[in-house]
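Participant: model33.tsv is reproduced below (TSV, C-alpha atoms).
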chain	number	residue	atom	x	y	z
N	8	MET	CA	284.53	-51.55	121.16
N	9	SER	CA	282.57	-54.53	122.52
N	10	ASN	CA	282.27	-58.16	121.51
N	11	ASP	CA	279.44	-58.86	123.96
N	12	LEU	CA	276.26	-60.05	122.22
N	13	GLU	CA	274.63	-60.49	125.64
N	14	GLN	CA	274.66	-56.79	126.56
N	15	GLU	CA	271.49	-54.96	127.57
N	16	LYS	CA	268.92	-54.23	124.89
N	17	GLU	CA	267.53	-50.77	124.44
N	18	LYS	CA	264.69	-49.33	122.35
N	19	ILE	CA	264.89	-46.00	120.54
N	20	LYS	CA	262.58	-44.23	118.14
N	21	ILE	CA	263.90	-43.00	114.79
N	22	GLY	CA	261.17	-41.20	112.89
N	23	HIS	CA	258.21	-43.58	112.73
N	24	LEU	CA	260.39	-46.62	113.42
N	25	GLU	CA	261.40	-48.27	116.68
N	26	VAL	CA	264.75	-50.02	116.89
N	27	THR	CA	265.32	-52.51	119.69
N	28	GLY	CA	268.82	-53.86	119.98
N	29	LEU	CA	272.16	-53.97	121.68
N	30	SER	CA	272.51	-50.82	123.73
N	31	SER	CA	275.91	-49.81	122.34
N	32	LEU	CA	274.58	-49.96	118.77
N	33	VAL	CA	271.11	-48.46	118.96
N	34	THR	CA	272.21	-45.43	120.97
N	35	SER	CA	274.71	-44.64	118.17
N	36	LEU	CA	272.10	-44.87	115.40
N	37	SER	CA	270.82	-41.36	115.95
N	38	ASP	CA	274.33	-39.87	115.64
N	39	GLU	CA	274.76	-37.93	112.42
N	40	LYS	CA	278.49	-38.63	112.21
N	41	GLU	CA	279.93	-41.89	110.88
N	42	SER	CA	280.22	-44.46	113.66
N	43	SER	CA	283.28	-46.62	114.10
N	44	THR	CA	283.16	-50.33	114.84
N	45	LEU	CA	281.26	-50.76	118.09
N	46	LEU	CA	280.86	-54.55	118.05
N	47	ASP	CA	283.54	-57.04	117.07
N	48	THR	CA	282.43	-60.68	117.03
N	49	ASN	CA	283.09	-63.92	115.17
N	50	ALA	CA	279.39	-64.72	115.33
N	51	GLU	CA	276.83	-64.55	112.57
N	52	VAL	CA	274.53	-61.74	113.63
N	53	VAL	CA	270.91	-61.10	112.72
N	54	ILE	CA	268.94	-57.93	112.05
N	55	GLY	CA	265.17	-58.34	112.15
N	56	VAL	CA	262.69	-56.17	110.30
N	57	SER	CA	259.33	-56.48	112.06
N	58	LEU	CA	256.99	-54.37	109.96
N	59	SER	CA	254.33	-57.05	109.34
N	60	ARG	CA	254.74	-59.28	112.39
N	61	PRO	CA	257.16	-59.37	115.33
N	62	VAL	CA	260.26	-61.52	114.78
N	63	LEU	CA	262.53	-60.76	117.75
N	64	GLN	CA	261.18	-63.32	120.24
N	65	ASP	CA	261.12	-66.14	117.67
N	66	LEU	CA	264.71	-65.39	116.61
N	67	GLU	CA	265.97	-65.26	120.20
N	68	ARG	CA	264.06	-68.45	121.09
N	69	GLU	CA	265.77	-70.21	118.17
N	70	GLY	CA	269.18	-69.06	119.41
N	71	TYR	CA	270.06	-66.40	116.84
N	72	SER	CA	272.38	-63.53	117.85
N	73	VAL	CA	270.03	-60.60	117.19
N	74	ILE	CA	271.77	-57.24	117.26
N	75	ALA	CA	268.70	-55.18	116.32
N	76	ASP	CA	265.03	-55.43	115.42
N	77	ILE	CA	263.35	-52.67	113.41
N	78	GLY	CA	259.60	-52.17	113.75
N	79	PRO	CA	256.90	-51.93	114.94
N	80	PRO	CA	254.50	-54.22	113.08
N	81	ARG	CA	251.50	-52.38	111.67
N	82	GLN	CA	249.31	-51.93	108.61
N	83	ILE	CA	251.46	-50.20	105.98
N	84	GLU	CA	249.81	-47.96	103.40
N	85	ILE	CA	251.16	-48.10	99.85
N	86	SER	CA	252.00	-44.39	100.05
N	87	GLU	CA	254.34	-45.12	103.00
N	88	MET	CA	256.25	-48.03	101.48
N	89	THR	CA	259.04	-46.15	99.71
N	90	GLY	CA	259.93	-43.92	102.65
N	91	LEU	CA	259.74	-46.84	105.06
N	92	ALA	CA	262.04	-48.97	102.88
N	93	GLU	CA	264.53	-46.10	102.64
N	94	ASP	CA	264.53	-45.57	106.42
N	95	VAL	CA	264.96	-49.29	107.14
N	96	ALA	CA	267.81	-49.61	104.59
N	97	ILE	CA	269.59	-46.61	106.15
N	98	ILE	CA	269.36	-48.18	109.61
N	99	ILE	CA	270.59	-51.58	108.36
N	100	ASP	CA	273.51	-49.93	106.57
N	101	LYS	CA	274.46	-47.92	109.66
N	102	LEU	CA	274.35	-51.09	111.78
N	103	ARG	CA	276.51	-52.94	109.23
N	104	ARG	CA	279.14	-50.22	109.49
N	105	MET	CA	279.19	-50.51	113.29
N	106	VAL	CA	279.63	-54.29	113.39
N	107	LYS	CA	282.65	-56.41	112.46
N	108	CYS	CA	281.32	-59.96	112.21
N	109	LYS	CA	281.37	-63.21	110.27
N	110	SER	CA	278.15	-62.33	108.41
N	111	ILE	CA	274.89	-60.42	108.75
N	112	THR	CA	271.61	-62.22	108.25
N	113	LEU	CA	268.36	-60.36	107.62
N	114	VAL	CA	264.82	-61.38	108.49
N	115	LEU	CA	262.35	-59.26	106.54
N	116	SER	CA	258.80	-59.49	107.90
N	117	CYS	CA	257.27	-56.86	105.67
N	118	PRO	CA	255.33	-56.52	102.41
N	119	THR	CA	257.17	-57.99	99.41
N	120	ALA	CA	257.46	-54.60	97.72
N	121	VAL	CA	259.12	-53.15	100.82
N	122	ALA	CA	261.52	-56.12	101.07
N	123	PHE	CA	262.43	-55.68	97.40
N	124	MET	CA	263.11	-51.97	97.86
N	125	ILE	CA	265.22	-52.61	100.99
N	126	GLY	CA	267.34	-55.14	99.07
N	127	SER	CA	267.69	-52.82	96.09
N	128	LEU	CA	268.76	-49.92	98.31
N	129	LEU	CA	271.31	-52.03	100.19
N	130	GLY	CA	272.83	-53.15	96.88
N	131	HIS	CA	275.63	-55.64	96.28
N	132	GLN	CA	278.56	-54.04	98.11
N	133	PHE	CA	277.99	-56.36	101.08
N	134	THR	CA	276.51	-59.84	101.06
N	135	TYR	CA	273.59	-60.32	103.41
N	136	ARG	CA	272.14	-63.71	104.17
N	137	LEU	CA	268.41	-64.28	104.57
N	138	LEU	CA	266.18	-66.32	106.86
N	139	HIS	CA	262.70	-67.44	105.80
N	140	TRP	CA	259.86	-68.47	108.13
N	141	ASP	CA	258.68	-72.07	107.58
N	142	ASN	CA	257.37	-73.15	111.01
N	143	GLY	CA	260.72	-71.89	112.27
N	144	TYR	CA	263.47	-69.90	110.60
N	145	VAL	CA	265.33	-71.56	107.74
N	146	ARG	CA	268.39	-70.12	106.01
N	147	VAL	CA	267.79	-69.26	102.35
N	148	PRO	CA	270.67	-70.66	100.23
N	149	ASP	CA	273.19	-67.99	99.23
N	150	TYR	CA	272.66	-66.57	95.78
N	151	GLY	CA	275.47	-66.43	93.21
N	152	ILE	CA	276.12	-62.76	92.43
N	153	LYS	CA	279.21	-63.72	90.38
N	154	ARG	CA	277.17	-66.18	88.29
N	155	TYR	CA	274.47	-63.54	87.84
N	156	ARG	CA	276.93	-60.90	86.67
N	157	LYS	CA	278.53	-63.38	84.26
N	158	GLU	CA	275.12	-64.33	82.80
N	159	ILE	CA	273.99	-60.75	82.19
N	160	LYS	CA	277.25	-59.89	80.44
N	161	GLY	CA	276.49	-62.66	77.99
Can you give me the file's structure in the form of structure tokens?

Facilitator:
Amino acid sequence: MSNDLEQEKEKIKIGHLEVTGLSSLVTSLSDEKESSTLLDTNAEVVIGVSLSRPVLQDLEREGYSVIADIGPPRQIEISEMTGLAEDVAIIIDKLRRMVKCKSITLVLSCPTAVAFMIGSLLGHQFTYRLLHWDNGYVRVPDYGIKRYRKEIKG
């Protein structure tokens, strides 16, 4: 198990997606068996989703601890959106299971429908934080899942 966020980055292809990230993590993504914790850090880590535009260089330039970036950016057909969202959510979930950290922040550079499906697939078992591009990345305030659940129960 490593706690080194400065380790070499590696790129692998999973289906139609490319994942660039910490070597110890991305090489384990293609394993069919459940991976144990491969990275233990007190840092807030970031996973980028670069389906519309690249995010990795901007995130690194701004000092974020990026563990993986999922891409590549390209024109996405409506017929591809569901499968793409499923594949991205699976990769994010696998990464989450491999990392013990303070929190995981997502950057979703993709069509809104794809981002919605990714969020729906990931569910509420783990709280992800979000960054939004506004001439630089800005943290989106945390949402109140407890308040939401209380409101819908009436």

Participant: Tell me, counting all atoms listed in the file, for each residue of stretch 11-72 of chain N within 10 Å of stretch 141-154 of chain N, which pair of atoms is nearest and how far apart they are in Å to one decimal, in rows ordered by chain and increasing number, as a tab-separated table.

Facilitator:
residue	atom	partner	partner_atom	distance
N:Val62	CA	N:Tyr144	CA	9.9
N:Asp65	CA	N:Gly143	CA	7.9
N:Leu66	CA	N:Tyr144	CA	7.6
N:Glu69	CA	N:Tyr144	CA	7.9
N:Tyr71	CA	N:Tyr144	CA	9.7

Participant: Could you check which of N:Asp100, N:Glu158, N:Glu13, N:Glu25 is closest to N:Glu67, using all atoms listed in the file?

Facilitator: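 The closest residue to N:Glu67 is N:Glu13.
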
Participant: Which one is closest to N:Val56: N:Leu129, N:Leu115, N:Val26, N:Val95? Count all atoms listed in the file.

Facilitator: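 Smallest distance to N:Val56 is found for N:Leu115.
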
Participant: Here is a test: counting all atoms listed in the file, which residue of N:Lys16, N:Lys157, N:Lys107, N:Arg60 is nearest to N:Ile74?

Facilitator: N:Lys16

Participant: Measure the distance from atom CA of N:Ser37 to atom CA of N:Pro79 in Å and round it to one decimal.

Facilitator: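 Computing it gives 17.5 Å between the two atoms.
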
Participant: Would you compute the distance between atom CA of N:Gly78 and atom CA of N:Ser110? Give it in Å to one decimal.

Facilitator: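 So the answer is 21.8 Å.
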
Participant: Have a look at atom CA of N:Thr48 and atom CA of N:Ile19 and let me know their distance in Å, one decimal.

Facilitator: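 Result for atom CA of N:Thr48 versus atom CA of N:Ile19: 23.1 Å, one decimal.
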